[in-house]
$ cat query-v4.pdb   # PDB, C-alpha atoms
ATOM      1  CA  MET A  23      45.063 -24.401 -11.104  1.00  0.00           C
ATOM      2  CA  VAL A  24      42.653 -23.121  -8.453  1.00  0.00           C
ATOM      3  CA  GLN A  25      43.577 -25.734  -5.864  1.00  0.00           C
ATOM      4  CA  ARG A  26      47.200 -24.538  -5.759  1.00  0.00           C
ATOM      5  CA  GLN A  27      46.339 -20.862  -5.333  1.00  0.00           C
ATOM      6  CA  SER A  28      47.440 -19.455  -1.985  1.00  0.00           C
ATOM      7  CA  ILE A  29      44.606 -17.641  -0.248  1.00  0.00           C
ATOM      8  CA  GLU A  30      46.107 -16.911   3.164  1.00  0.00           C
ATOM      9  CA  GLU A  31      47.161 -13.398   2.161  1.00  0.00           C
ATOM     10  CA  GLU A  32      43.979 -12.454   0.339  1.00  0.00           C
ATOM     11  CA  ASP A  33      41.221 -10.267   1.721  1.00  0.00           C
ATOM     12  CA  LEU A  34      38.704 -12.788   3.037  1.00  0.00           C
ATOM     13  CA  SER A  35      36.265 -10.302   4.577  1.00  0.00           C
ATOM     14  CA  GLU A  36      33.717 -10.889   1.811  1.00  0.00           C
ATOM     15  CA  CYS A  37      34.033 -14.678   1.950  1.00  0.00           C
ATOM     16  CA  VAL A  38      31.417 -16.847   3.674  1.00  0.00           C
ATOM     17  CA  ILE A  39      33.321 -20.096   3.068  1.00  0.00           C
ATOM     18  CA  VAL A  40      37.074 -20.587   2.804  1.00  0.00           C
ATOM     19  CA  ALA A  41      38.870 -23.897   2.242  1.00  0.00           C
ATOM     20  CA  ILE A  42      42.613 -24.071   2.980  1.00  0.00           C
ATOM     21  CA  ASP A  43      44.651 -27.103   1.866  1.00  0.00           C
ATOM     22  CA  LEU A  44      41.570 -29.297   2.260  1.00  0.00           C
ATOM     23  CA  TRP A  45      42.080 -33.065   2.192  1.00  0.00           C
ATOM     24  CA  LYS A  46      39.649 -35.900   2.765  1.00  0.00           C
ATOM     25  CA  ILE A  47      41.048 -39.424   2.736  1.00  0.00           C
ATOM     26  CA  TYR A  48      38.860 -42.493   3.228  1.00  0.00           C
ATOM     27  CA  ARG A  49      40.484 -45.689   4.445  1.00  0.00           C
ATOM     28  CA  LEU A  50      39.467 -49.280   3.844  1.00  0.00           C
ATOM     29  CA  GLY A  51      41.833 -51.447   5.833  1.00  0.00           C
ATOM     30  CA  LYS A  52      45.307 -50.356   4.794  1.00  0.00           C
ATOM     31  CA  VAL A  53      44.171 -48.837   1.511  1.00  0.00           C
ATOM     32  CA  GLU A  54      43.673 -45.064   1.295  1.00  0.00           C
ATOM     33  CA  TYR A  55      41.249 -43.361  -1.098  1.00  0.00           C
ATOM     34  CA  PRO A  56      41.830 -39.596  -1.341  1.00  0.00           C
ATOM     35  CA  ALA A  57      38.506 -37.915  -2.192  1.00  0.00           C
ATOM     36  CA  LEU A  58      39.927 -34.385  -1.888  1.00  0.00           C
ATOM     37  CA  ARG A  59      43.602 -33.571  -2.421  1.00  0.00           C
ATOM     38  CA  GLY A  60      44.570 -30.167  -1.059  1.00  0.00           C
ATOM     39  CA  ILE A  61      41.851 -27.811  -2.254  1.00  0.00           C
ATOM     40  CA  ASN A  62      42.102 -24.059  -1.673  1.00  0.00           C
ATOM     41  CA  MET A  63      38.905 -22.186  -2.396  1.00  0.00           C
ATOM     42  CA  ARG A  64      36.855 -19.193  -1.364  1.00  0.00           C
ATOM     43  CA  ILE A  65      33.156 -18.525  -1.785  1.00  0.00           C
ATOM     44  CA  ARG A  66      32.144 -14.894  -1.657  1.00  0.00           C
ATOM     45  CA  ARG A  67      29.031 -13.587   0.022  1.00  0.00           C
ATOM     46  CA  GLY A  68      26.096 -13.560  -2.397  1.00  0.00           C
ATOM     47  CA  GLU A  69      27.669 -15.835  -5.028  1.00  0.00           C
ATOM     48  CA  PHE A  70      25.881 -18.605  -6.879  1.00  0.00           C
ATOM     49  CA  VAL A  71      28.558 -21.244  -7.491  1.00  0.00           C
ATOM     50  CA  ALA A  72      28.184 -24.498  -9.415  1.00  0.00           C
ATOM     51  CA  VAL A  73      30.468 -27.457  -8.690  1.00  0.00           C
ATOM     52  CA  VAL A  74      30.568 -29.928 -11.579  1.00  0.00           C
ATOM     53  CA  GLY A  75      32.607 -32.938 -12.611  1.00  0.00           C
ATOM     54  CA  PRO A  76      32.405 -36.698 -13.137  1.00  0.00           C
ATOM     55  CA  SER A  77      31.223 -39.132 -10.482  1.00  0.00           C
ATOM     56  CA  GLY A  78      33.941 -39.697  -7.899  1.00  0.00           C
ATOM     57  CA  SER A  79      35.592 -36.320  -8.465  1.00  0.00           C
ATOM     58  CA  GLY A  80      34.929 -35.169  -4.885  1.00  0.00           C
ATOM     59  CA  LYS A  81      31.961 -32.828  -5.419  1.00  0.00           C
ATOM     60  CA  SER A  82      29.650 -34.202  -2.739  1.00  0.00           C
ATOM     61  CA  THR A  83      32.563 -34.746  -0.342  1.00  0.00           C
ATOM     62  CA  LEU A  84      33.428 -31.059  -0.676  1.00  0.00           C
ATOM     63  CA  LEU A  85      29.817 -30.066  -0.019  1.00  0.00           C
ATOM     64  CA  ASN A  86      29.667 -32.310   3.062  1.00  0.00           C
ATOM     65  CA  LEU A  87      32.759 -30.617   4.486  1.00  0.00           C
ATOM     66  CA  PHE A  88      31.339 -27.166   3.754  1.00  0.00           C
ATOM     67  CA  GLY A  89      28.143 -28.248   5.495  1.00  0.00           C
ATOM     68  CA  ALA A  90      29.962 -29.483   8.610  1.00  0.00           C
ATOM     69  CA  LEU A  91      28.478 -32.941   7.964  1.00  0.00           C
ATOM     70  CA  ASP A  92      31.961 -34.464   7.912  1.00  0.00           C
ATOM     71  CA  ARG A  93      35.426 -33.450   9.083  1.00  0.00           C
ATOM     72  CA  PRO A  94      38.477 -33.069   6.821  1.00  0.00           C
ATOM     73  CA  THR A  95      41.469 -35.390   7.153  1.00  0.00           C
ATOM     74  CA  ARG A  96      43.568 -32.244   7.177  1.00  0.00           C
ATOM     75  CA  GLY A  97      43.217 -28.617   6.218  1.00  0.00           C
ATOM     76  CA  LYS A  98      40.681 -26.013   7.277  1.00  0.00           C
ATOM     77  CA  VAL A  99      37.111 -24.984   6.514  1.00  0.00           C
ATOM     78  CA  ILE A 100      36.215 -21.468   7.640  1.00  0.00           C
ATOM     79  CA  ILE A 101      32.539 -20.487   7.647  1.00  0.00           C
ATOM     80  CA  ASP A 102      31.710 -16.822   8.195  1.00  0.00           C
ATOM     81  CA  GLY A 103      35.065 -16.304   9.897  1.00  0.00           C
ATOM     82  CA  VAL A 104      34.889 -19.403  12.143  1.00  0.00           C
ATOM     83  CA  GLU A 105      37.317 -22.291  11.663  1.00  0.00           C
ATOM     84  CA  ILE A 106      34.901 -25.175  12.164  1.00  0.00           C
ATOM     85  CA  SER A 107      37.307 -28.051  12.830  1.00  0.00           C
ATOM     86  CA  ALA A 108      37.839 -26.633  16.325  1.00  0.00           C
ATOM     87  CA  LEU A 109      34.123 -26.765  17.150  1.00  0.00           C
ATOM     88  CA  ARG A 110      32.447 -29.382  19.333  1.00  0.00           C
ATOM     89  CA  SER A 111      29.633 -31.507  17.920  1.00  0.00           C
ATOM     90  CA  ASP A 112      26.955 -29.355  19.588  1.00  0.00           C
ATOM     91  CA  GLN A 113      28.554 -26.200  18.204  1.00  0.00           C
ATOM     92  CA  LEU A 114      28.630 -27.722  14.721  1.00  0.00           C
ATOM     93  CA  ALA A 115      24.949 -28.598  15.033  1.00  0.00           C
ATOM     94  CA  GLU A 116      24.159 -25.013  16.018  1.00  0.00           C
ATOM     95  CA  LEU A 117      26.174 -23.671  13.087  1.00  0.00           C
ATOM     96  CA  ARG A 118      24.347 -25.978  10.663  1.00  0.00           C
ATOM     97  CA  ASN A 119      20.990 -24.912  12.068  1.00  0.00           C
ATOM     98  CA  LYS A 120      21.629 -21.164  11.997  1.00  0.00           C
ATOM     99  CA  LYS A 121      23.939 -20.480   9.066  1.00  0.00           C
ATOM    100  CA  LEU A 122      23.393 -23.320   6.579  1.00  0.00           C
ATOM    101  CA  GLY A 123      20.453 -24.670   4.623  1.00  0.00           C
ATOM    102  CA  PHE A 124      20.591 -28.037   2.851  1.00  0.00           C
ATOM    103  CA  VAL A 125      18.788 -29.185  -0.287  1.00  0.00           C
ATOM    104  CA  PHE A 126      19.273 -32.808  -1.358  1.00  0.00           C
ATOM    105  CA  GLN A 127      18.482 -34.760  -4.516  1.00  0.00           C
ATOM    106  CA  THR A 128      16.054 -37.038  -2.660  1.00  0.00           C
ATOM    107  CA  PHE A 129      14.055 -34.212  -0.962  1.00  0.00           C
ATOM    108  CA  ASN A 130      14.184 -35.942   2.484  1.00  0.00           C
ATOM    109  CA  LEU A 131      10.687 -34.797   3.422  1.00  0.00           C
ATOM    110  CA  ILE A 132       8.822 -36.533   6.244  1.00  0.00           C
ATOM    111  CA  PRO A 133       6.119 -38.479   4.358  1.00  0.00           C
ATOM    112  CA  TYR A 134       3.326 -38.353   6.959  1.00  0.00           C
ATOM    113  CA  MET A 135       3.652 -34.585   7.513  1.00  0.00           C
ATOM    114  CA  SER A 136       2.110 -31.818   5.428  1.00  0.00           C
ATOM    115  CA  ALA A 137       4.217 -29.354   3.468  1.00  0.00           C
ATOM    116  CA  VAL A 138       3.843 -26.663   6.116  1.00  0.00           C
ATOM    117  CA  ASP A 139       4.688 -29.082   8.921  1.00  0.00           C
ATOM    118  CA  ASN A 140       7.824 -30.216   7.055  1.00  0.00           C
ATOM    119  CA  VAL A 141       8.969 -26.608   6.746  1.00  0.00           C
ATOM    120  CA  GLU A 142       8.408 -26.024  10.457  1.00  0.00           C
ATOM    121  CA  VAL A 143      10.656 -28.900  11.574  1.00  0.00           C
ATOM    122  CA  PRO A 144      13.992 -26.980  11.597  1.00  0.00           C
ATOM    123  CA  MET A 145      12.370 -24.188  13.609  1.00  0.00           C
ATOM    124  CA  ILE A 146      11.316 -26.382  16.538  1.00  0.00           C
ATOM    125  CA  ALA A 147      14.627 -25.825  18.340  1.00  0.00           C
ATOM    126  CA  SER A 148      14.803 -22.136  17.440  1.00  0.00           C
ATOM    127  CA  GLY A 149      12.692 -20.833  20.302  1.00  0.00           C
ATOM    128  CA  LEU A 150       9.845 -19.593  18.110  1.00  0.00           C
ATOM    129  CA  SER A 151       6.314 -20.160  19.331  1.00  0.00           C
ATOM    130  CA  PRO A 152       4.066 -22.553  17.359  1.00  0.00           C
ATOM    131  CA  LYS A 153       2.180 -19.540  15.979  1.00  0.00           C
ATOM    132  CA  GLU A 154       5.413 -17.885  14.840  1.00  0.00           C
ATOM    133  CA  ARG A 155       6.674 -21.118  13.291  1.00  0.00           C
ATOM    134  CA  ARG A 156       3.460 -21.594  11.339  1.00  0.00           C
ATOM    135  CA  ALA A 157       3.499 -18.006  10.073  1.00  0.00           C
ATOM    136  CA  ARG A 158       7.122 -18.328   8.970  1.00  0.00           C
ATOM    137  CA  ALA A 159       6.471 -21.667   7.232  1.00  0.00           C
ATOM    138  CA  MET A 160       3.471 -20.260   5.360  1.00  0.00           C
ATOM    139  CA  GLU A 161       5.541 -17.264   4.280  1.00  0.00           C
ATOM    140  CA  LEU A 162       8.318 -19.497   2.955  1.00  0.00           C
ATOM    141  CA  LEU A 163       5.940 -21.745   1.034  1.00  0.00           C
ATOM    142  CA  ALA A 164       4.497 -18.635  -0.602  1.00  0.00           C
ATOM    143  CA  LEU A 165       8.043 -17.520  -1.431  1.00  0.00           C
ATOM    144  CA  VAL A 166       8.687 -20.745  -3.379  1.00  0.00           C
ATOM    145  CA  GLY A 167       5.322 -20.561  -5.164  1.00  0.00           C
ATOM    146  CA  LEU A 168       3.328 -23.119  -3.173  1.00  0.00           C
ATOM    147  CA  ASN A 169       0.336 -21.094  -2.055  1.00  0.00           C
ATOM    148  CA  GLY A 170      -2.585 -23.486  -1.718  1.00  0.00           C
ATOM    149  CA  PHE A 171      -0.410 -26.568  -1.204  1.00  0.00           C
ATOM    150  CA  GLU A 172       0.414 -26.047   2.477  1.00  0.00           C
ATOM    151  CA  LYS A 173      -1.677 -28.985   3.710  1.00  0.00           C
ATOM    152  CA  ASN A 174      -0.557 -31.442   1.011  1.00  0.00           C
ATOM    153  CA  ARG A 175       1.644 -34.353   2.024  1.00  0.00           C
ATOM    154  CA  PRO A 176       4.689 -35.209  -0.114  1.00  0.00           C
ATOM    155  CA  ASN A 177       2.871 -37.993  -1.999  1.00  0.00           C
ATOM    156  CA  GLU A 178       0.282 -35.409  -3.054  1.00  0.00           C
ATOM    157  CA  LEU A 179       2.923 -33.167  -4.648  1.00  0.00           C
ATOM    158  CA  SER A 180       4.929 -33.420  -7.854  1.00  0.00           C
ATOM    159  CA  GLY A 181       8.700 -33.890  -7.690  1.00  0.00           C
ATOM    160  CA  GLY A 182       9.280 -30.221  -8.423  1.00  0.00           C
ATOM    161  CA  GLN A 183       6.814 -29.189  -5.730  1.00  0.00           C
ATOM    162  CA  GLN A 184       8.471 -31.507  -3.208  1.00  0.00           C
ATOM    163  CA  GLN A 185      11.849 -29.965  -3.957  1.00  0.00           C
ATOM    164  CA  ARG A 186      10.380 -26.492  -3.485  1.00  0.00           C
ATOM    165  CA  VAL A 187       9.095 -27.606  -0.073  1.00  0.00           C
ATOM    166  CA  ALA A 188      12.645 -28.803   0.655  1.00  0.00           C
ATOM    167  CA  ILE A 189      14.017 -25.396  -0.334  1.00  0.00           C
ATOM    168  CA  ALA A 190      11.465 -23.652   1.893  1.00  0.00           C
ATOM    169  CA  ARG A 191      12.542 -25.938   4.748  1.00  0.00           C
ATOM    170  CA  ALA A 192      16.203 -25.088   4.054  1.00  0.00           C
ATOM    171  CA  LEU A 193      15.317 -21.404   4.474  1.00  0.00           C
ATOM    172  CA  ALA A 194      13.440 -21.913   7.751  1.00  0.00           C
ATOM    173  CA  ASN A 195      16.110 -20.393  10.001  1.00  0.00           C
ATOM    174  CA  ASP A 196      17.165 -17.693   7.526  1.00  0.00           C
ATOM    175  CA  PRO A 197      20.563 -19.190   6.580  1.00  0.00           C
ATOM    176  CA  GLN A 198      23.261 -17.207   4.820  1.00  0.00           C
ATOM    177  CA  ILE A 199      24.254 -20.209   2.705  1.00  0.00           C
ATOM    178  CA  ILE A 200      22.316 -22.864   0.797  1.00  0.00           C
ATOM    179  CA  LEU A 201      24.180 -26.078  -0.046  1.00  0.00           C
ATOM    180  CA  ALA A 202      22.357 -27.920  -2.827  1.00  0.00           C
ATOM    181  CA  ASP A 203      23.508 -31.423  -3.797  1.00  0.00           C
ATOM    182  CA  GLU A 204      22.041 -32.370  -7.206  1.00  0.00           C
ATOM    183  CA  PRO A 205      18.802 -30.456  -6.419  1.00  0.00           C
ATOM    184  CA  THR A 206      17.321 -31.269  -9.841  1.00  0.00           C
ATOM    185  CA  GLY A 207      18.750 -34.791 -10.148  1.00  0.00           C
ATOM    186  CA  ASN A 208      15.383 -36.559  -9.728  1.00  0.00           C
ATOM    187  CA  LEU A 209      13.316 -34.038 -11.687  1.00  0.00           C
ATOM    188  CA  ASP A 210      12.062 -33.705 -15.238  1.00  0.00           C
ATOM    189  CA  SER A 211      13.188 -30.685 -17.252  1.00  0.00           C
ATOM    190  CA  LYS A 212      10.112 -28.581 -16.409  1.00  0.00           C
ATOM    191  CA  SER A 213      10.410 -29.234 -12.675  1.00  0.00           C
ATOM    192  CA  ALA A 214      14.168 -28.641 -12.814  1.00  0.00           C
ATOM    193  CA  ALA A 215      13.548 -25.245 -14.413  1.00  0.00           C
ATOM    194  CA  GLU A 216      11.090 -24.383 -11.616  1.00  0.00           C
ATOM    195  CA  VAL A 217      13.631 -25.293  -8.936  1.00  0.00           C
ATOM    196  CA  ILE A 218      16.509 -23.375 -10.525  1.00  0.00           C
ATOM    197  CA  ASP A 219      14.158 -20.398 -10.850  1.00  0.00           C
ATOM    198  CA  VAL A 220      13.550 -20.499  -7.089  1.00  0.00           C
ATOM    199  CA  LEU A 221      17.284 -20.774  -6.333  1.00  0.00           C
ATOM    200  CA  HIS A 222      18.090 -17.965  -8.766  1.00  0.00           C
ATOM    201  CA  ASN A 223      15.549 -15.659  -7.108  1.00  0.00           C
ATOM    202  CA  LEU A 224      16.888 -16.503  -3.651  1.00  0.00           C
ATOM    203  CA  ASN A 225      20.386 -15.649  -4.825  1.00  0.00           C
ATOM    204  CA  LYS A 226      19.155 -12.297  -6.107  1.00  0.00           C
ATOM    205  CA  LYS A 227      17.924 -11.636  -2.559  1.00  0.00           C
ATOM    206  CA  GLY A 228      21.468 -12.174  -1.260  1.00  0.00           C
ATOM    207  CA  VAL A 229      21.555 -15.876  -0.313  1.00  0.00           C
ATOM    208  CA  THR A 230      24.864 -17.558  -1.145  1.00  0.00           C
ATOM    209  CA  ILE A 231      24.283 -20.815  -3.036  1.00  0.00           C
ATOM    210  CA  ILE A 232      26.717 -23.649  -3.746  1.00  0.00           C
ATOM    211  CA  MET A 233      25.196 -26.227  -6.054  1.00  0.00           C
ATOM    212  CA  VAL A 234      26.625 -29.601  -7.057  1.00  0.00           C
ATOM    213  CA  THR A 235      25.107 -30.642 -10.381  1.00  0.00           C
ATOM    214  CA  HIS A 236      25.536 -32.942 -13.363  1.00  0.00           C
ATOM    215  CA  ASN A 237      23.081 -30.817 -15.356  1.00  0.00           C
ATOM    216  CA  LEU A 238      25.257 -28.479 -17.399  1.00  0.00           C
ATOM    217  CA  GLY A 239      22.142 -26.658 -18.560  1.00  0.00           C
ATOM    218  CA  LEU A 240      21.885 -25.115 -15.086  1.00  0.00           C
ATOM    219  CA  ILE A 241      25.345 -23.604 -14.839  1.00  0.00           C
ATOM    220  CA  LYS A 242      24.414 -20.579 -16.952  1.00  0.00           C
ATOM    221  CA  HIS A 243      22.612 -19.258 -13.876  1.00  0.00           C
ATOM    222  CA  CYS A 244      25.795 -19.288 -11.742  1.00  0.00           C
ATOM    223  CA  HIS A 245      28.476 -16.652 -11.205  1.00  0.00           C
ATOM    224  CA  ARG A 246      31.252 -19.243 -11.169  1.00  0.00           C
ATOM    225  CA  VAL A 247      31.647 -22.831 -12.248  1.00  0.00           C
ATOM    226  CA  LEU A 248      34.235 -25.009 -10.508  1.00  0.00           C
ATOM    227  CA  TRP A 249      35.160 -28.094 -12.545  1.00  0.00           C
ATOM    228  CA  MET A 250      36.436 -30.926 -10.345  1.00  0.00           C
ATOM    229  CA  LYS A 251      38.442 -33.990 -11.282  1.00  0.00           C
ATOM    230  CA  ASP A 252      40.226 -36.533  -9.064  1.00  0.00           C
ATOM    231  CA  GLY A 253      39.714 -34.531  -5.877  1.00  0.00           C
ATOM    232  CA  LEU A 254      41.044 -31.268  -7.297  1.00  0.00           C
ATOM    233  CA  VAL A 255      39.539 -28.182  -8.902  1.00  0.00           C
ATOM    234  CA  GLU A 256      40.718 -28.605 -12.480  1.00  0.00           C
ATOM    235  CA  LYS A 257      39.515 -25.214 -13.691  1.00  0.00           C
ATOM    236  CA  GLU A 258      37.335 -22.284 -12.701  1.00  0.00           C
ATOM    237  CA  VAL A 259      35.091 -20.329 -15.061  1.00  0.00           C
ATOM    238  CA  LYS A 260      33.627 -16.956 -14.168  1.00  0.00           C
ATOM    239  CA  GLN A 261      30.577 -15.893 -16.112  1.00  0.00           C
ATOM    240  CA  ILE A 262      27.760 -13.418 -16.413  1.00  0.00           C
ATOM    241  CA  VAL A 263      24.616 -14.808 -14.832  1.00  0.00           C
ATOM    242  CA  ALA A 264      21.793 -15.479 -17.271  1.00  0.00           C
ATOM    243  CA  GLU A 265      18.450 -13.942 -16.378  1.00  0.00           C
ATOM    244  CA  LEU A 266      15.466 -16.282 -16.229  1.00  0.00           C
TER
END
$ encode --input "query-v4.pdb" --output "structure tokens"
Amino acid sequence: MVQRQSIEEEDLSECVIVAIDLWKIYRLGKVEYPALRGINMRIRRGEFVAVVGPSGSGKSTLLNLFGALDRPTRGKVIIDGVEISALRSDQLAELRNKKLGFVFQTFNLIPYMSAVDNVEVPMIASGLSPKERRARAMELLALVGLNGFEKNRPNELSGGQQQRVAIARALANDPQIILADEPTGNLDSKSAAEVIDVLHNLNKKGVTIIMVTHNLGLIKHCHRVLWMKDGLVEKEVKQIVAEL
């Protein structure tokens, strides 16, 4: 069982994320609901990892802790050598902005802004000039195959195109890690294939990707599949990544 494996003595130099005895317990009055129950895990630099399992198994909770969007009840999350539970809120925000990129099921694009403006948003606090931000945003939209759509607003784009804008936005500050929570959940099969193609190509360029998904057709593109159940990693499957 992966969650019981001791990782303290292992070589963690190639790991970008490490979880040690990770618990998350939600409380409603006097009732406790453990979402995660003592997970030990490591994610190596450059991996493409899928996290799968039934609803309520703890997948999104795990991703939120890896993304410093929530704090564990106990245990540790180490990102690129830094134990994040000791960080202040402003330090967590800086870590999220510089090291992590987020892709959500619902895209979370700003509806009145164009694609290129949406991609620029995370760069506003980075110190880049408006000219540099625009150049970087245009470059990223080209990277995800959206040449010619830079001025389109979200309602002028298909679901797959909107998710590619969201991926470009996630890459704005050149993160080491992309955390993708059901990135194809609202897409048809053709659009889902386009999005996984983008993620696969990013991974080949060295970006570490952790993807929560219910779509088992996507896991063939991942180096490892972590199967979760009841707040634990029930099994881990290593595999050869399928080429697109």
$ closest_residue --input "query-v4.pdb" --among "A:Ile189, A:Ile61, A:Leu179, A:Val217" --to "Lys257 of chain A" --atoms "all atoms listed in the file"
A:Ile61
$ residues_around --input "query-v4.pdb" --residues "Ile241 of chain A" --least-positions-apart "4" --cutoff "9 Å" --atoms "all atoms listed in the file" --output "list in words"
Val71, Ala72, Val73, Val74, Thr235, Asn237, His245, Arg246, Val247 and Val263 of chain A
$ resolve_selection --input "query-v4.pdb" --expression "the PyMOL selection byres ((chain A and resi 252) around 7)" --output "ChimeraX atom specification"
/A:79-80,250-251,253-254
$ axis_aligned_box --input "query-v4.pdb" --around "segment 205-216 of chain A" --padding-each-side "6 Å" --output "AutoDock Vina command-line options"
--center_x 14.5 --center_y -30.5 --center_z -11.8 --size_x 20.7 --size_y 24.2 --size_z 22.8
$ resolve_selection --input "query-v4.pdb" --expression "the PyMOL selection byres ((chain A and resi 181) around 9)" --output "PyMOL selection string"
chain A and resi 129+176+179-180+182-186+208-210+213
$ resolve_selection --input "query-v4.pdb" --expression "the PyMOL selection byres ((chain A and resi 43) around 8)" --output "JSON, numbers by chain"
{"A": [25, 41, 42, 44, 45, 59, 60, 61, 62, 96, 97, 98]}
$ atom_distance --input "query-v4.pdb" --atom1 "atom CA of Gly75 of chain A" --atom2 "atom CA of Leu238 of chain A"
9.8 Å
$ atom_distance --input "query-v4.pdb" --atom1 "atom CA of Asp196 of chain A" --atom2 "atom CA of Lys260 of chain A"
27.2 Å
$ closest_residue --input "query-v4.pdb" --among "A:Val53, A:Ala194, A:Ala108, A:Met145" --to "Glu161 of chain A" --atoms "all atoms listed in the file"
A:Ala194
$ closest_residue --input "query-v4.pdb" --among "A:Glu142, A:Glu258, A:Asp203, A:Asp92" --to "Ser111 of chain A" --atoms "all atoms listed in the file"
A:Asp92
$ atom_distance --input "query-v4.pdb" --atom1 "atom CA of Leu165 of chain A" --atom2 "atom CA of Leu193 of chain A"
10.1 Å
$ closest_residue --input "query-v4.pdb" --among "A:Lys121, A:Pro76, A:His243, A:Tyr48" --to "Arg93 of chain A" --atoms "only C-alpha atoms"
A:Tyr48
$ closest_residue --input "query-v4.pdb" --among "A:Ala57, A:Ile65, A:Leu122, A:Val141" --to "Gln198 of chain A" --atoms "all atoms listed in the file"
A:Leu122
$ residues_around --input "query-v4.pdb" --residues "Ala164 of chain A" --least-positions-apart "5" --cutoff "12 Å" --atoms "only C-alpha atoms" --output "number ranges by chain"
A: 137-138, 141, 157-159, 169-172, 183, 186-187, 189-190, 220
$ residues_around --input "query-v4.pdb" --residues "segment 222-231 of chain A" --least-positions-apart "3" --cutoff "9 Å" --atoms "only C-alpha atoms" --output "ChimeraX atom specification"
/A:38,65-72,197-202,217-219,243-244,265-266
